Structures are given as structure tokens and as C-alpha cells.
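A.B. asks: Here it is: the structure, laid out below.
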Number of protein chains: 2
Amino acid sequence: MNKNFIINIGRQLGSGGREIGEKLAARLGIGFYDKELIKLASEESGLCCEFFERADERASQSIIGGLFSMRFPFVSDGAVPATNCLSNDALFKVQSDVIRKLAHQHSCLFVGRCADYILRDHPRCVNVFISCSREERIRRLCRIHAISEQAAEEMMDKADRKRAEYYNYYSYKKWGAAETYHLCIDSSVLGIDATVDFVEEFVRRRLGL
Amino acid sequence: MNKNFIINIGRQLGSGGREIGEKLAARLGIGFYDKELIKLASEESGLCCEFFERADERASQSIIGGLFSMRFPFVSDGAVPATNCLSNDALFKVQSDVIRKLAHQHSCLFVGRCADYILRDHPRCVNVFISCSREERIRRLCRIHAISEQAAEEMMDKADRKRAEYYNYYSYKKWGAAETYHLCIDSSVLGIDATVDFVEEFVRRRLGL
């Protein structure tokens, strides 16, 4: 086994988890994969990118109707050929293969997408969860999306419910439970940059970097 | 408000959480309260210590039959006068008052007992949860109690279920959920002493010590 290492970040919507992951990956000089992963999975499988975006982090219950192959490319106006179905399980499989391939090639930081579960046998993984006070999450979502507090709360609860469903469906652990991760931290306590510092320190101690 | 600060530690059985708390309190030179709290609550209320031990961290469902007052002292052979009942809710109330009183008097570290919920309005609280890999917890319990792996697993699951029931009954948050705490850490990643270092650093940054 090579000396590659992996950081997996789970996060509540509005916690700043993606930003923390991006900054941490830049500091450590490793690959960062979030939405990027979708593109890669798309290229890997020959399936259309938009298809992965629609299925992104949704558990298998929501089957996507439609046939997507090289012979029947995705129809971007929403008209979907009804001749076949490709389940989210199949998409999960494609994405898992991409995650494993990337982890084998070099050190990476993955945000979401059950990467901690997919890479559970990797000997040099650090699994982190970023939470945040409700007030701070609402403030951040209102600012980013220019929406009302109520809309932010709804968006937040819906997104986290979906993330939990997706994670709990595909892994044997529980999304957002302390025991699922090596470290969980509330980003509102120290702020984004000091949280990056702190997680970096944990990663360095854990991996002896 | 004075400059007192509070550290609350939740922990899985066998995680080393109590040891981490004890060492951290010693380093910071603050009061440490775990079983000690029971004695204090007992003295405070004039109720027998054994009574609190039996009710310790059990939710209200398990009502304790028996009358305990200064006039009908606890009967240590287990024979309990059936004339009255004192619920765990009443005991929780007594313990809560003791926790609040201690927190008002000086800086403290509390292990378990919903202290984070009881002190939710304290402006200088740090709430920490200590988890640990299942294998390490079993190893520790086998060593401490000289029991089989199977017995350790049963002890562990039963204790955590009770702690969760107690916490979830008396607080509005969820025991062991990342979002309930400021920091959650798996003590098997860095080991006990390095985990103490790490939590201490977090506490110092959070409180500006």
C-alpha cells in the first residue's frame, strides 16, 4: 500500500463544511472532490453529467425513470425516453468506483457521497463531520442564497434529511452520529479558518504528517 | 457573570471519557464531578447516597418505589417501605440544583448527567463527547472488569442505551449526535493522553484561556 491518505468530510447544510474541506485540501496539497466527482463519474461511465446531478446524494428509493446509454443520450429538454430505468444504486456503484480509483491514485479529500464508507478499508483515512449552530447556518444560507430565514430553515432540514437518508441507506453507519467519525466539530465555535487549522492539526497527528 | 467556565463531557462506556475528563480537569485546575456529584447531591438533599447511586443516569420511566425522607431513612438491606414514591425526576431536580450551584461557585468539569443541558444558558460552556472504536472499548472493559469479550459488549450496549435514554428524556437534544456537542472525538485515534492534549487545546481556543 502506498502512502496516500484520505480525508472524508460529512457536513450539515450551511455548516461551511465544503469551504473547510476546500481550504484544508489546498493546505495539504491534495485533491478536492465534491461536485467535481459527479463530472468525473460522468466521464468515467459515459453517462451524461446532468443525470448524475439529478441523482446526487439521493437514496435508492427515488428511482430515476429513463434510459441513458451512448445510443440514447440524455435529452436536455426534460423529455425522457421511457424504455428503461437506471436505478440510483447503479449510479452509486459508478461513483464508488471513481472514488476508489482516485483514492488509489493520490491523496484526496472527499466531501459527502459516503466516501468514508466506500473507503472503509483504506488504512490511512480520517473521517470528519462538520456541524454548526442552527443560527449560524441560517445566517450563512440567507446570505449565500438571498432567501428568508424560514426558507433557509426549510432548505436546511430538507437537505440534511436527504443526506442522512442517502448515507444511512448505503452505509452501515449513521449520518451525523459522533461514533461514525473520528472527529466532529461545530464550525461556529472557532469560525471557519480556525476550524480548518484545528482539523488540519488532528489530521497531521493522526497520520504523522 | 464571573469568568468561571464549564466543560461537559458525554462519553460512550469504555471510551476512556472519564479518564480524559479527570486529566483535563487536573491540567486546567478545575473541579471534577462524576460520581462525586452523587455524594454532593446526597448531602445537599439529606437523602441517602445509595439512593442516588441506584437512580444514577436512569430516565424517569424507571420509577423507584419507596419513601426516602429524614424520618424514613433508606433501608440498606433492600427492604423498602412502600408508603410513598420518589421519582427519578425529583432526583434529577436535586442533582440539577447541585450542578448549577457548583457551576456558579467555580470552574468545573462534569461527566455525564445532562450537565450540558442543565447549564445550557451558561455563557462559557464547552460540550465534548468522547467516542471510541468498538474494538478498543471492548479491550478496555475486558481489562478493567476482567470479563469476557461478550460480556463487555453486552455491558457496553446496555450502558450506552441507558445513557441515551436518560439524556434524551431530560434534554431537548440527542445523546451521541454530533450536533449536540461542540467537539466529538474518537479517543482510539490519538490515544488517551494525546486526546486530552487535543481537547485542552480546543477548550483554550474556545474560551481564550
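In the C-alpha cells, chains take letters A, B, ... by order of appearance, with residues numbered from 1 within each chain and ligands from 1 in the order shown.
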Taking only C-alpha atoms into account, report as a PyMOL selection string which residues of chain A lie within 10 Å of chain B.

C.D. replies: chain A and resi 12+126+128-134+174-191+194-195+198+201-202+205-207

A.B. asks: Pick the closest to A:Gly14 from A:Tyr117, A:Cys108, A:His145, A:His122: which is it, counting only C-alpha atoms?

C.D. replies: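 Checking each candidate against A:Gly14, we get A:His145 as the closest.
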
A.B. asks: Need to verify the contact set: B:Ser96, 10 Å, only C-alpha atoms, exclusion of same-chain residues closer than 6 positions in sequence. Can you return it as a CSV table (one decimal) with N, CA and C atoms, in the first residue's frame?

C.D. replies:
chain,number,residue,atom,x,y,z
B,41,ALA,N,-24.9,15.6,45.9
B,41,ALA,CA,-26.4,15.7,45.8
B,41,ALA,C,-27.0,15.1,47.0
B,90,ALA,N,-37.5,13.8,40.5
B,90,ALA,CA,-37.2,14.6,41.7
B,90,ALA,C,-35.7,14.5,42.0
B,102,LEU,N,-22.7,24.4,41.9
B,102,LEU,CA,-21.2,24.2,41.6
B,102,LEU,C,-20.7,25.1,40.5
B,113,ARG,N,-24.6,13.1,33.2
B,113,ARG,CA,-25.7,13.7,34.0
B,113,ARG,C,-26.3,14.9,33.4
B,114,CYS,N,-26.4,15.0,32.0
B,114,CYS,CA,-27.1,16.1,31.4
B,114,CYS,C,-26.6,17.5,31.8
B,115,ALA,N,-25.4,17.5,32.3
B,115,ALA,CA,-24.9,18.8,32.8
B,115,ALA,C,-24.9,19.9,31.6
B,117,TYR,N,-27.0,20.2,29.3
B,117,TYR,CA,-28.4,20.7,29.1
B,117,TYR,C,-28.8,21.6,30.3
B,118,ILE,N,-28.4,21.1,31.5
B,118,ILE,CA,-28.7,21.9,32.7
B,118,ILE,C,-28.1,23.3,32.7
B,119,LEU,N,-26.9,23.3,32.2
B,119,LEU,CA,-26.1,24.6,32.1
B,119,LEU,C,-26.2,25.3,30.8

A.B. asks: To one decimal place in Å, what is the distance between atom CA of B:Arg124 and atom CA of B:Arg204?

C.D. replies: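 Answer for the atom CA of B:Arg124 to atom CA of B:Arg204 separation: 11.4 Å.
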
A.B. asks: Tell me which protein, DNA and RNA residues are within 12 Å of A:Ala26, counting only C-alpha atoms, leaving out same-chain ones fewer than 5 positions away, and put them as JSON, numbers by chain.

C.D. replies: {"A": [19, 20, 21, 31, 32, 33, 107, 108, 109, 196, 200]}

A.B. asks: Write out the residues from the selection above, keeping N, CA and C atoms, as an mmCIF file, in the first residue's frame.

C.D. replies:
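Output below, filename again-v4.cif:
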data_model
loop_
_atom_site.group_PDB
_atom_site.id
_atom_site.type_symbol
_atom_site.label_atom_id
_atom_site.label_comp_id
_atom_site.auth_asym_id
_atom_site.auth_seq_id
_atom_site.Cartn_x
_atom_site.Cartn_y
_atom_site.Cartn_z
ATOM 1 N N GLU A 19 -16.454 24.547 2.373
ATOM 2 C CA GLU A 19 -15.383 25.563 2.402
ATOM 3 C C GLU A 19 -14.200 25.071 3.254
ATOM 4 N N ILE A 20 -14.518 24.486 4.378
ATOM 5 C CA ILE A 20 -13.465 23.944 5.255
ATOM 6 C C ILE A 20 -12.691 22.860 4.514
ATOM 7 N N GLY A 21 -13.420 21.985 3.815
ATOM 8 C CA GLY A 21 -12.768 20.918 3.054
ATOM 9 C C GLY A 21 -11.869 21.463 1.953
ATOM 10 N N GLY A 31 -6.018 16.397 -3.627
ATOM 11 C CA GLY A 31 -7.188 16.577 -4.493
ATOM 12 C C GLY A 31 -8.453 16.842 -3.690
ATOM 13 N N PHE A 32 -9.316 17.695 -4.214
ATOM 14 C CA PHE A 32 -10.587 18.013 -3.554
ATOM 15 C C PHE A 32 -11.738 17.555 -4.446
ATOM 16 N N TYR A 33 -12.646 16.769 -3.909
ATOM 17 C CA TYR A 33 -13.740 16.237 -4.731
ATOM 18 C C TYR A 33 -15.096 16.410 -4.075
ATOM 19 N N SER A 107 -3.571 11.217 -2.830
ATOM 20 C CA SER A 107 -4.254 11.652 -1.607
ATOM 21 C C SER A 107 -5.401 12.584 -1.976
ATOM 22 N N CYS A 108 -6.537 12.392 -1.326
ATOM 23 C CA CYS A 108 -7.735 13.171 -1.698
ATOM 24 C C CYS A 108 -8.525 13.575 -0.465
ATOM 25 N N LEU A 109 -9.322 14.612 -0.644
ATOM 26 C CA LEU A 109 -10.352 14.960 0.321
ATOM 27 C C LEU A 109 -11.702 14.871 -0.385
ATOM 28 N N VAL A 196 -10.445 25.080 10.254
ATOM 29 C CA VAL A 196 -9.521 24.455 9.291
ATOM 30 C C VAL A 196 -8.198 24.136 9.999
ATOM 31 N N GLU A 200 -6.848 20.379 10.576
ATOM 32 C CA GLU A 200 -5.536 20.070 9.985
ATOM 33 C C GLU A 200 -4.599 19.466 11.040
#

A.B. asks: Please give the complete set of residues from stretch 96-157 of chain B that DSSP, run on the backbone, assigns to strand (DSSP E or B), formatted as a list in words.

C.D. replies: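 The strand (DSSP E or B) residues within stretch 96-157 of chain B come out as Cys108, Leu109, Phe110, Val111, Cys125, Val126, Asn127, Val128, Phe129, Ile130 and Ser131 of chain B.
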
A.B. asks: Now that the selection is made, can you save its residues with N, CA and C atoms as a PDB file, in the first residue's frame?

C.D. replies:
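result-v7.pdb was written with the following content:
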ATOM      1  N   CYS B 108     -15.742  24.152  36.522  1.00  0.00           N
ATOM      2  CA  CYS B 108     -15.905  22.711  36.775  1.00  0.00           C
ATOM      3  C   CYS B 108     -15.884  21.922  35.476  1.00  0.00           C
ATOM      4  N   LEU B 109     -15.581  20.655  35.611  1.00  0.00           N
ATOM      5  CA  LEU B 109     -15.782  19.696  34.525  1.00  0.00           C
ATOM      6  C   LEU B 109     -16.766  18.647  35.027  1.00  0.00           C
ATOM      7  N   PHE B 110     -17.869  18.498  34.280  1.00  0.00           N
ATOM      8  CA  PHE B 110     -18.880  17.497  34.640  1.00  0.00           C
ATOM      9  C   PHE B 110     -18.847  16.355  33.631  1.00  0.00           C
ATOM     10  N   VAL B 111     -18.923  15.147  34.137  1.00  0.00           N
ATOM     11  CA  VAL B 111     -19.026  13.987  33.239  1.00  0.00           C
ATOM     12  C   VAL B 111     -20.469  13.492  33.287  1.00  0.00           C
ATOM     13  N   CYS B 125     -19.441  27.622  28.295  1.00  0.00           N
ATOM     14  CA  CYS B 125     -19.508  26.163  28.357  1.00  0.00           C
ATOM     15  C   CYS B 125     -18.835  25.564  27.125  1.00  0.00           C
ATOM     16  N   VAL B 126     -18.124  24.465  27.307  1.00  0.00           N
ATOM     17  CA  VAL B 126     -17.642  23.688  26.165  1.00  0.00           C
ATOM     18  C   VAL B 126     -18.172  22.264  26.334  1.00  0.00           C
ATOM     19  N   ASN B 127     -18.908  21.797  25.331  1.00  0.00           N
ATOM     20  CA  ASN B 127     -19.539  20.478  25.413  1.00  0.00           C
ATOM     21  C   ASN B 127     -18.829  19.496  24.494  1.00  0.00           C
ATOM     22  N   VAL B 128     -18.339  18.427  25.092  1.00  0.00           N
ATOM     23  CA  VAL B 128     -17.487  17.474  24.371  1.00  0.00           C
ATOM     24  C   VAL B 128     -18.078  16.075  24.485  1.00  0.00           C
ATOM     25  N   PHE B 129     -17.937  15.274  23.441  1.00  0.00           N
ATOM     26  CA  PHE B 129     -18.354  13.872  23.503  1.00  0.00           C
ATOM     27  C   PHE B 129     -17.177  12.990  23.123  1.00  0.00           C
ATOM     28  N   ILE B 130     -16.915  11.982  23.955  1.00  0.00           N
ATOM     29  CA  ILE B 130     -15.820  11.053  23.677  1.00  0.00           C
ATOM     30  C   ILE B 130     -16.404   9.729  23.184  1.00  0.00           C
ATOM     31  N   SER B 131     -16.068   9.378  21.940  1.00  0.00           N
ATOM     32  CA  SER B 131     -16.433   8.061  21.417  1.00  0.00           C
ATOM     33  C   SER B 131     -15.147   7.243  21.335  1.00  0.00           C
TER      34      SER B 131
END
